[in-house]
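*Asks:* Structure: input21.cif, mmCIF, C-alpha atoms; chains and numbers go by the auth columns.
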data_work
loop_
_atom_site.group_PDB
_atom_site.id
_atom_site.type_symbol
_atom_site.label_atom_id
_atom_site.label_comp_id
_atom_site.label_asym_id
_atom_site.label_seq_id
_atom_site.Cartn_x
_atom_site.Cartn_y
_atom_site.Cartn_z
_atom_site.B_iso_or_equiv
_atom_site.auth_seq_id
_atom_site.auth_asym_id
ATOM 1 C CA MET A 1 -122.349 149.942 -103.364 0.00 1 X
ATOM 2 C CA ASN A 2 -126.084 149.400 -103.655 0.00 2 X
ATOM 3 C CA PRO A 3 -128.232 150.554 -100.670 0.00 3 X
ATOM 4 C CA LYS A 4 -129.162 147.011 -99.585 0.00 4 X
ATOM 5 C CA LYS A 5 -125.503 145.967 -99.443 0.00 5 X
ATOM 6 C CA ALA A 6 -124.635 149.146 -97.523 0.00 6 X
ATOM 7 C CA ILE A 7 -127.367 148.444 -94.938 0.00 7 X
ATOM 8 C CA ASP A 8 -126.205 144.816 -94.586 0.00 8 X
ATOM 9 C CA CYS A 9 -122.619 145.977 -94.137 0.00 9 X
ATOM 10 C CA GLU A 10 -123.688 148.531 -91.523 0.00 10 X
ATOM 11 C CA ARG A 11 -125.794 145.915 -89.719 0.00 11 X
ATOM 12 C CA SER A 12 -122.951 143.385 -89.568 0.00 12 X
ATOM 13 C CA THR A 13 -120.519 146.073 -88.326 0.00 13 X
ATOM 14 C CA ILE A 14 -122.935 147.091 -85.557 0.00 14 X
ATOM 15 C CA GLN A 15 -123.476 143.424 -84.654 0.00 15 X
ATOM 16 C CA LYS A 16 -119.705 142.872 -84.444 0.00 16 X
ATOM 17 C CA ILE A 17 -119.340 145.877 -82.118 0.00 17 X
ATOM 18 C CA LEU A 18 -122.261 144.726 -79.952 0.00 18 X
ATOM 19 C CA ILE A 19 -120.981 141.182 -79.459 0.00 19 X
ATOM 20 C CA PHE A 20 -117.343 142.188 -79.037 0.00 20 X
ATOM 21 C CA ARG A 21 -115.863 140.911 -75.760 0.00 21 X
ATOM 22 C CA LEU A 22 -112.306 140.896 -74.482 0.00 22 X
ATOM 23 C CA PRO A 23 -110.729 137.533 -73.585 0.00 23 X
ATOM 24 C CA ARG A 24 -111.364 136.265 -70.068 0.00 24 X
ATOM 25 C CA TYR A 25 -107.853 137.090 -68.760 0.00 25 X
ATOM 26 C CA PHE A 26 -108.680 140.802 -69.134 0.00 26 X
ATOM 27 C CA ARG A 27 -110.837 140.457 -66.013 0.00 27 X
ATOM 28 C CA THR A 28 -107.801 139.435 -63.946 0.00 28 X
ATOM 29 C CA LEU A 29 -105.730 142.116 -65.664 0.00 29 X
ATOM 30 C CA GLY A 30 -108.444 144.646 -64.781 0.00 30 X
ATOM 31 C CA ILE A 31 -108.378 143.604 -61.107 0.00 31 X
ATOM 32 C CA VAL A 32 -104.571 143.928 -61.021 0.00 32 X
ATOM 33 C CA LEU A 33 -104.654 147.355 -62.698 0.00 33 X
ATOM 34 C CA PHE A 34 -107.410 148.446 -60.311 0.00 34 X
ATOM 35 C CA ALA A 35 -105.248 147.427 -57.329 0.00 35 X
ATOM 36 C CA ILE A 36 -102.278 149.332 -58.809 0.00 36 X
ATOM 37 C CA SER A 37 -104.390 152.456 -59.345 0.00 37 X
ATOM 38 C CA PHE A 38 -105.650 152.162 -55.762 0.00 38 X
ATOM 39 C CA LEU A 39 -102.039 151.916 -54.570 0.00 39 X
ATOM 40 C CA CYS A 40 -101.158 155.042 -56.571 0.00 40 X
ATOM 41 C CA MET A 41 -103.863 156.932 -54.652 0.00 41 X
ATOM 42 C CA PHE A 42 -102.088 156.083 -51.387 0.00 42 X
ATOM 43 C CA LEU A 43 -98.642 156.846 -52.810 0.00 43 X
ATOM 44 C CA LYS A 44 -99.904 160.350 -53.634 0.00 44 X
ATOM 45 C CA SER A 45 -99.363 161.521 -50.067 0.00 45 X
ATOM 46 C CA SER A 46 -95.844 160.040 -49.969 0.00 46 X
ATOM 47 C CA PHE A 47 -94.792 161.937 -53.094 0.00 47 X
ATOM 48 C CA PRO A 48 -96.452 165.354 -52.808 0.00 48 X
ATOM 49 C CA GLU A 49 -94.311 166.776 -55.640 0.00 49 X
ATOM 50 C CA HIS A 50 -95.826 164.226 -58.073 0.00 50 X
ATOM 51 C CA ALA A 51 -99.309 164.236 -56.498 0.00 51 X
ATOM 52 C CA SER A 52 -101.173 165.659 -59.505 0.00 52 X
ATOM 53 C CA VAL A 53 -99.467 163.304 -61.976 0.00 53 X
ATOM 54 C CA LEU A 54 -100.135 160.309 -59.719 0.00 54 X
ATOM 55 C CA LYS A 55 -103.763 161.314 -59.221 0.00 55 X
ATOM 56 C CA GLU A 56 -104.395 161.821 -62.938 0.00 56 X
ATOM 57 C CA GLY A 57 -102.609 158.558 -63.799 0.00 57 X
ATOM 58 C CA ALA A 58 -104.445 156.604 -61.106 0.00 58 X
ATOM 59 C CA ASN A 59 -107.811 157.969 -62.238 0.00 59 X
ATOM 60 C CA ARG A 60 -107.248 156.952 -65.844 0.00 60 X
ATOM 61 C CA LEU A 61 -105.802 153.586 -64.875 0.00 61 X
ATOM 62 C CA MET A 62 -108.831 152.921 -62.660 0.00 62 X
ATOM 63 C CA LEU A 63 -111.220 153.623 -65.551 0.00 63 X
ATOM 64 C CA VAL A 64 -109.238 151.418 -67.929 0.00 64 X
ATOM 65 C CA ALA A 65 -109.136 148.639 -65.288 0.00 65 X
ATOM 66 C CA MET A 66 -112.888 148.783 -64.744 0.00 66 X
ATOM 67 C CA LEU A 67 -113.535 148.857 -68.497 0.00 67 X
ATOM 68 C CA PHE A 68 -111.417 145.702 -68.869 0.00 68 X
ATOM 69 C CA MET A 69 -113.437 144.011 -66.099 0.00 69 X
ATOM 70 C CA SER A 70 -116.676 145.156 -67.694 0.00 70 X
ATOM 71 C CA MET A 71 -115.803 143.971 -71.200 0.00 71 X
ATOM 72 C CA ALA A 72 -114.086 140.688 -70.345 0.00 72 X
ATOM 73 C CA LYS A 73 -115.845 137.459 -71.264 0.00 73 X
ATOM 74 C CA ASP A 74 -117.462 135.385 -68.547 0.00 74 X
ATOM 75 C CA LYS A 75 -116.438 131.830 -67.751 0.00 75 X
ATOM 76 C CA GLU A 76 -119.746 130.692 -69.209 0.00 76 X
ATOM 77 C CA GLU A 77 -121.182 132.993 -71.876 0.00 77 X
ATOM 78 C CA ASP A 78 -124.688 132.269 -73.097 0.00 78 X
ATOM 79 C CA GLU A 79 -127.805 134.179 -74.129 0.00 79 X
ATOM 80 C CA LEU A 80 -128.852 134.804 -70.515 0.00 80 X
ATOM 81 C CA THR A 81 -125.531 136.406 -69.567 0.00 81 X
ATOM 82 C CA ILE A 82 -125.730 138.564 -72.715 0.00 82 X
ATOM 83 C CA LEU A 83 -129.216 139.699 -71.674 0.00 83 X
ATOM 84 C CA LEU A 84 -128.121 140.398 -68.086 0.00 84 X
ATOM 85 C CA ARG A 85 -125.084 142.332 -69.281 0.00 85 X
ATOM 86 C CA GLY A 86 -127.323 144.440 -71.511 0.00 86 X
ATOM 87 C CA GLN A 87 -129.650 145.135 -68.581 0.00 87 X
ATOM 88 C CA SER A 88 -126.706 146.134 -66.393 0.00 88 X
ATOM 89 C CA TYR A 89 -125.430 148.586 -69.058 0.00 89 X
ATOM 90 C CA ALA A 90 -128.920 150.087 -69.387 0.00 90 X
ATOM 91 C CA ALA A 91 -129.209 150.514 -65.597 0.00 91 X
ATOM 92 C CA ALA A 92 -125.730 152.039 -65.410 0.00 92 X
ATOM 93 C CA PHE A 93 -126.550 154.503 -68.199 0.00 93 X
ATOM 94 C CA ILE A 94 -129.856 155.639 -66.671 0.00 94 X
ATOM 95 C CA LEU A 95 -128.487 155.889 -63.124 0.00 95 X
ATOM 96 C CA GLY A 96 -125.393 157.669 -64.483 0.00 96 X
ATOM 97 C CA VAL A 97 -127.530 160.350 -66.111 0.00 97 X
ATOM 98 C CA VAL A 98 -129.613 160.774 -62.928 0.00 98 X
ATOM 99 C CA TYR A 99 -126.402 160.929 -60.865 0.00 99 X
ATOM 100 C CA ALA A 100 -124.881 163.582 -63.167 0.00 100 X
ATOM 101 C CA LEU A 101 -128.059 165.672 -62.950 0.00 101 X
ATOM 102 C CA VAL A 102 -128.786 165.363 -59.229 0.00 102 X
ATOM 103 C CA MET A 103 -125.410 164.943 -57.510 0.00 103 X
ATOM 104 C CA PRO A 104 -124.067 168.500 -58.095 0.00 104 X
ATOM 105 C CA TYR A 105 -127.141 169.912 -56.284 0.00 105 X
ATOM 106 C CA ILE A 106 -126.729 167.472 -53.384 0.00 106 X
ATOM 107 C CA GLU A 107 -123.009 168.309 -53.097 0.00 107 X
ATOM 108 C CA TYR A 108 -123.811 172.032 -53.255 0.00 108 X
ATOM 109 C CA GLY A 109 -126.530 171.744 -50.593 0.00 109 X
ATOM 110 C CA VAL A 110 -124.486 169.578 -48.233 0.00 110 X
ATOM 111 C CA SER A 111 -121.329 171.696 -48.527 0.00 111 X
ATOM 112 C CA ASN A 112 -123.370 174.843 -47.796 0.00 112 X
ATOM 113 C CA LEU A 113 -124.919 173.172 -44.766 0.00 113 X
ATOM 114 C CA VAL A 114 -121.589 171.945 -43.402 0.00 114 X
ATOM 115 C CA ASN A 115 -119.413 174.961 -44.273 0.00 115 X
ATOM 116 C CA THR A 116 -120.215 178.429 -43.017 0.00 116 X
ATOM 117 C CA GLU A 117 -118.704 180.049 -46.116 0.00 117 X
ATOM 118 C CA ALA A 118 -120.883 179.836 -49.206 0.00 118 X
ATOM 119 C CA GLU A 119 -119.653 177.197 -51.681 0.00 119 X
ATOM 120 C CA THR A 120 -119.795 177.696 -55.415 0.00 120 X
ATOM 121 C CA PHE A 121 -121.869 175.328 -57.557 0.00 121 X
ATOM 122 C CA LYS A 122 -119.625 172.719 -59.202 0.00 122 X
ATOM 123 C CA GLU A 123 -120.487 170.347 -62.057 0.00 123 X
ATOM 124 C CA LEU A 124 -119.296 166.742 -61.785 0.00 124 X
ATOM 125 C CA GLY A 125 -116.119 165.776 -63.607 0.00 125 X
ATOM 126 C CA ASP A 126 -116.059 163.125 -66.338 0.00 126 X
ATOM 127 C CA PHE A 127 -113.999 160.793 -64.120 0.00 127 X
ATOM 128 C CA GLN A 128 -116.598 160.843 -61.342 0.00 128 X
ATOM 129 C CA ILE A 129 -119.485 160.100 -63.714 0.00 129 X
ATOM 130 C CA LEU A 130 -117.643 157.368 -65.626 0.00 130 X
ATOM 131 C CA LEU A 131 -116.447 155.749 -62.401 0.00 131 X
ATOM 132 C CA PHE A 132 -120.009 155.751 -61.057 0.00 132 X
ATOM 133 C CA MET A 133 -121.420 154.241 -64.274 0.00 133 X
ATOM 134 C CA LEU A 134 -118.772 151.502 -64.412 0.00 134 X
ATOM 135 C CA MET A 135 -119.274 150.725 -60.721 0.00 135 X
ATOM 136 C CA ILE A 136 -123.040 150.442 -61.185 0.00 136 X
ATOM 137 C CA GLN A 137 -122.601 148.235 -64.259 0.00 137 X
ATOM 138 C CA LEU A 138 -120.199 145.842 -62.529 0.00 138 X
ATOM 139 C CA MET A 139 -122.249 145.644 -59.327 0.00 139 X
ATOM 140 C CA TYR A 140 -125.592 145.340 -61.126 0.00 140 X
ATOM 141 C CA TYR A 141 -124.244 142.620 -63.412 0.00 141 X
ATOM 142 C CA SER A 142 -122.806 140.596 -60.557 0.00 142 X
ATOM 143 C CA VAL A 143 -126.071 140.881 -58.579 0.00 143 X
ATOM 144 C CA LEU A 144 -128.160 139.902 -61.626 0.00 144 X
ATOM 145 C CA LYS A 145 -125.924 136.896 -62.239 0.00 145 X
ATOM 146 C CA LYS A 146 -126.216 135.859 -58.601 0.00 146 X
ATOM 147 C CA ILE A 147 -130.021 135.971 -58.587 0.00 147 X
ATOM 148 C CA ARG A 148 -130.587 134.550 -62.096 0.00 148 X
ATOM 149 C CA MET B 1 -145.124 131.179 -70.186 0.00 1 H
ATOM 150 C CA ARG B 2 -144.709 127.980 -68.179 0.00 2 H
ATOM 151 C CA ASN B 3 -142.711 124.941 -69.029 0.00 3 H
ATOM 152 C CA SER B 4 -142.224 121.302 -68.105 0.00 4 H
ATOM 153 C CA ILE B 5 -138.504 121.102 -68.735 0.00 5 H
ATOM 154 C CA LYS B 6 -137.889 119.690 -65.277 0.00 6 H
ATOM 155 C CA VAL B 7 -140.242 116.789 -66.050 0.00 7 H
ATOM 156 C CA GLU B 8 -138.717 116.190 -69.491 0.00 8 H
ATOM 157 C CA ARG B 9 -135.270 116.256 -67.935 0.00 9 H
ATOM 158 C CA ALA B 10 -136.336 113.736 -65.290 0.00 10 H
ATOM 159 C CA ILE B 11 -137.725 111.416 -67.983 0.00 11 H
ATOM 160 C CA LEU B 12 -134.305 111.350 -69.641 0.00 12 H
ATOM 161 C CA SER B 13 -132.534 111.169 -66.235 0.00 13 H
ATOM 162 C CA LEU B 14 -130.529 114.273 -66.996 0.00 14 H
ATOM 163 C CA THR B 15 -129.190 116.679 -64.385 0.00 15 H
ATOM 164 C CA GLN B 16 -129.368 120.426 -64.994 0.00 16 H
ATOM 165 C CA ASP B 17 -125.653 120.320 -65.687 0.00 17 H
ATOM 166 C CA ASP B 18 -125.999 117.501 -68.247 0.00 18 H
ATOM 167 C CA LEU B 19 -128.751 119.341 -70.092 0.00 19 H
ATOM 168 C CA ALA B 20 -126.798 122.600 -69.961 0.00 20 H
ATOM 169 C CA LYS B 21 -123.780 120.920 -71.555 0.00 21 H
ATOM 170 C CA LYS B 22 -125.945 119.302 -74.243 0.00 22 H
ATOM 171 C CA ILE B 23 -127.411 122.606 -75.399 0.00 23 H
ATOM 172 C CA GLY B 24 -124.359 124.793 -74.723 0.00 24 H
ATOM 173 C CA VAL B 25 -125.527 127.039 -71.887 0.00 25 H
ATOM 174 C CA SER B 26 -124.717 127.355 -68.193 0.00 26 H
ATOM 175 C CA ARG B 27 -126.444 125.337 -65.460 0.00 27 H
ATOM 176 C CA GLN B 28 -127.822 128.581 -64.030 0.00 28 H
ATOM 177 C CA THR B 29 -129.562 129.313 -67.335 0.00 29 H
ATOM 178 C CA ILE B 30 -131.344 125.941 -67.177 0.00 30 H
ATOM 179 C CA ASN B 31 -132.302 126.711 -63.585 0.00 31 H
ATOM 180 C CA SER B 32 -133.708 130.118 -64.606 0.00 32 H
ATOM 181 C CA ILE B 33 -135.702 128.594 -67.476 0.00 33 H
ATOM 182 C CA GLU B 34 -137.126 125.850 -65.228 0.00 34 H
ATOM 183 C CA ALA B 35 -138.123 128.434 -62.621 0.00 35 H
ATOM 184 C CA ASN B 36 -139.867 130.488 -65.355 0.00 36 H
ATOM 185 C CA ARG B 37 -137.580 133.441 -64.682 0.00 37 H
ATOM 186 C CA TYR B 38 -136.209 133.414 -68.198 0.00 38 H
ATOM 187 C CA VAL B 39 -137.849 132.675 -71.538 0.00 39 H
ATOM 188 C CA PRO B 40 -135.242 131.189 -73.879 0.00 40 H
ATOM 189 C CA SER B 41 -134.682 132.213 -77.482 0.00 41 H
ATOM 190 C CA THR B 42 -136.109 130.242 -80.397 0.00 42 H
ATOM 191 C CA VAL B 43 -132.682 128.721 -81.088 0.00 43 H
ATOM 192 C CA LEU B 44 -132.349 127.459 -77.518 0.00 44 H
ATOM 193 C CA SER B 45 -135.942 126.187 -77.512 0.00 45 H
ATOM 194 C CA LEU B 46 -135.264 124.224 -80.688 0.00 46 H
ATOM 195 C CA ARG B 47 -132.096 122.777 -79.161 0.00 47 H
ATOM 196 C CA LEU B 48 -134.172 121.649 -76.172 0.00 48 H
ATOM 197 C CA SER B 49 -136.709 120.175 -78.546 0.00 49 H
ATOM 198 C CA GLU B 50 -133.937 118.196 -80.237 0.00 50 H
ATOM 199 C CA VAL B 51 -132.676 116.828 -76.903 0.00 51 H
ATOM 200 C CA PHE B 52 -136.173 115.886 -75.684 0.00 52 H
ATOM 201 C CA GLY B 53 -137.248 114.580 -79.100 0.00 53 H
ATOM 202 C CA LYS B 54 -140.504 116.509 -78.847 0.00 54 H
ATOM 203 C CA PRO B 55 -141.944 119.651 -80.438 0.00 55 H
ATOM 204 C CA VAL B 56 -141.409 122.906 -78.506 0.00 56 H
ATOM 205 C CA ASN B 57 -145.184 123.197 -77.882 0.00 57 H
ATOM 206 C CA ASP B 58 -145.070 120.040 -75.756 0.00 58 H
ATOM 207 C CA PHE B 59 -142.914 121.550 -73.022 0.00 59 H
ATOM 208 C CA PHE B 60 -143.601 125.298 -73.414 0.00 60 H
ATOM 209 C CA LYS B 61 -147.148 126.482 -72.808 0.00 61 H
ATOM 210 C CA LEU B 62 -148.609 129.962 -72.939 0.00 62 H
ATOM 211 C CA THR B 63 -150.407 131.148 -69.802 0.00 63 H
ATOM 212 C CA GLU B 64 -153.351 133.547 -69.381 0.00 64 H
ATOM 213 C CA GLU B 65 -150.964 136.481 -68.857 0.00 65 H
ATOM 214 C CA ASP B 66 -149.298 135.839 -72.235 0.00 66 H
#
Take the structure I supplied and represent it as structure tokens, if you would.

*Replies:*
Amino acid sequence: MNPKKAIDCERSTIQKILIFRLPRYFRTLGIVLFAISFLCMFLKSSFPEHASVLKEGANRLMLVAMLFMSMAKDKEEDELTILLRGQSYAAAFILGVVYALVMPYIEYGVSNLVNTEAETFKELGDFQILLFMLMIQLMYYSVLKKIR
Amino acid sequence: MRNSIKVERAILSLTQDDLAKKIGVSRQTINSIEANRYVPSTVLSLRLSEVFGKPVNDFFKLTEED
């Protein structure tokens, strides 16, 4: 393959990935899955023997649900919604990085203030960071759409 | 950038919704363009030009800040 063709191929692949959206019904599916994962969190206390499995399952289901909501097409897709979605992803990424850097220190400081015994420094888990980023993206996007 | 889309729309007696449908965007996008909150792409500007039957320069004007 000549270099020009390779670059064109790469460009069209990247473009396809960038404009990829799930069908609109994935938004509803995401809301349903989110509700189920929320329910699983409550069921955890009713089934203490399966608590860890339920927690892990609910966490993953919640991320998948929010990803579906995030990637689903809007009722009316146009260039403005594409721009706003891009802005919301950028905000979520930047705030996610800041959150991952700052939050462990805040948690460490607060837990040492509240508890008399010294707490160990803990890094954030991937679930917490991803959940935060998806939450910011969804909220930011809905606010941007409201004020457009 | 400022524009006179609202005026052009009034000349043709089009609502924001009518114009939105004609050029394939949402009503909110037309509202954002009219309020100068959003500068449309070249493709959208040319679609507007087609609807209004005027060159883009007639309803989009650069301001001092541009």

*Asks:* Within 10 Å of Leu44 in chain H, counting all atoms listed in the file, which residues show up once you throw out same-chain ones fewer than 6 positions away? Write them as a PyMOL selection string, please.

*Replies:* (chain X and resi 79) or (chain H and resi 23-25+50)

*Asks:* Convert the current residue selection to file output with C-alpha atoms, as a PDB file, in the coordinates of the input.

*Replies:*
ATOM      1  CA  GLU X  79    -127.805 134.179 -74.129  1.00  0.00           C
TER       2      GLU X  79
ATOM      3  CA  ILE H  23    -127.411 122.606 -75.399  1.00  0.00           C
ATOM      4  CA  GLY H  24    -124.359 124.793 -74.723  1.00  0.00           C
ATOM      5  CA  VAL H  25    -125.527 127.039 -71.887  1.00  0.00           C
ATOM      6  CA  GLU H  50    -133.937 118.196 -80.237  1.00  0.00           C
TER       7      GLU H  50
END

*Asks:* Just the residues within 8 Å of Ala91 in chain X, please, counting all atoms listed in the file, with nothing from its chain fewer than 5 positions along; format it as a PyMOL selection string.

*Replies:* chain X and resi 136-137+140

*Asks:* In Å, rounded to a single decimal, give me how far CA of Met71 in chain X is from CA of Gly30 in chain X.

*Replies:*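 Between these atoms lies a distance of 9.8 Å.
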
*Asks:* With 9 Å as the cut-off and only C-alpha atoms counted, what is the closest atom pair between each nearby residue of chain X and chain H? Distances in Å to one decimal, ordered by chain and number, as CSV.

*Replies:*
residue,atom,partner,partner_atom,distance
X:Glu76,CA,H:Ser26,CA,6.1
X:Glu77,CA,H:Val25,CA,7.4
X:Asp78,CA,H:Val25,CA,5.4
X:Glu79,CA,H:Val25,CA,7.8
X:Leu80,CA,H:Thr29,CA,6.4
X:Thr81,CA,H:Thr29,CA,8.5
X:Lys145,CA,H:Gln28,CA,8.7
X:Arg148,CA,H:Ser32,CA,6.0

*Asks:* Using all atoms listed in the file, which residues sit within 12 Å of Tyr99 in chain X once same-chain residues fewer than 3 positions away are excluded, as JSON, numbers by chain?

*Replies:* {"X": [91, 92, 93, 94, 95, 96, 102, 103, 104, 105, 106, 107, 123, 124, 125, 126, 128, 129, 130, 131, 132, 133, 136]}

*Asks:* Please list, as number ranges by chain, the residues that have an atom at most 12 Å away from (-101.8, 156.8, -52.7) in the coordinates of this file, counting only C-alpha atoms.

*Replies:* X: 35-48, 50-59

*Asks:* Would you mind exporting C-alpha atoms of the selected residues as a PDB file, in the coordinates of the input?

*Replies:*
ATOM      1  CA  ALA X  35    -105.248 147.427 -57.329  1.00  0.00           C
ATOM      2  CA  ILE X  36    -102.278 149.332 -58.809  1.00  0.00           C
ATOM      3  CA  SER X  37    -104.390 152.456 -59.345  1.00  0.00           C
ATOM      4  CA  PHE X  38    -105.650 152.162 -55.762  1.00  0.00           C
ATOM      5  CA  LEU X  39    -102.039 151.916 -54.570  1.00  0.00           C
ATOM      6  CA  CYS X  40    -101.158 155.042 -56.571  1.00  0.00           C
ATOM      7  CA  MET X  41    -103.863 156.932 -54.652  1.00  0.00           C
ATOM      8  CA  PHE X  42    -102.088 156.083 -51.387  1.00  0.00           C
ATOM      9  CA  LEU X  43     -98.642 156.846 -52.810  1.00  0.00           C
ATOM     10  CA  LYS X  44     -99.904 160.350 -53.634  1.00  0.00           C
ATOM     11  CA  SER X  45     -99.363 161.521 -50.067  1.00  0.00           C
ATOM     12  CA  SER X  46     -95.844 160.040 -49.969  1.00  0.00           C
ATOM     13  CA  PHE X  47     -94.792 161.937 -53.094  1.00  0.00           C
ATOM     14  CA  PRO X  48     -96.452 165.354 -52.808  1.00  0.00           C
ATOM     15  CA  HIS X  50     -95.826 164.226 -58.073  1.00  0.00           C
ATOM     16  CA  ALA X  51     -99.309 164.236 -56.498  1.00  0.00           C
ATOM     17  CA  SER X  52    -101.173 165.659 -59.505  1.00  0.00           C
ATOM     18  CA  VAL X  53     -99.467 163.304 -61.976  1.00  0.00           C
ATOM     19  CA  LEU X  54    -100.135 160.309 -59.719  1.00  0.00           C
ATOM     20  CA  LYS X  55    -103.763 161.314 -59.221  1.00  0.00           C
ATOM     21  CA  GLU X  56    -104.395 161.821 -62.938  1.00  0.00           C
ATOM     22  CA  GLY X  57    -102.609 158.558 -63.799  1.00  0.00           C
ATOM     23  CA  ALA X  58    -104.445 156.604 -61.106  1.00  0.00           C
ATOM     24  CA  ASN X  59    -107.811 157.969 -62.238  1.00  0.00           C
TER      25      ASN X  59
END

*Asks:* At what distance in Å, to one decimal, does CA of Leu46 in chain H lie from CA of Glu65 in chain H?

*Replies:* 23.2 Å
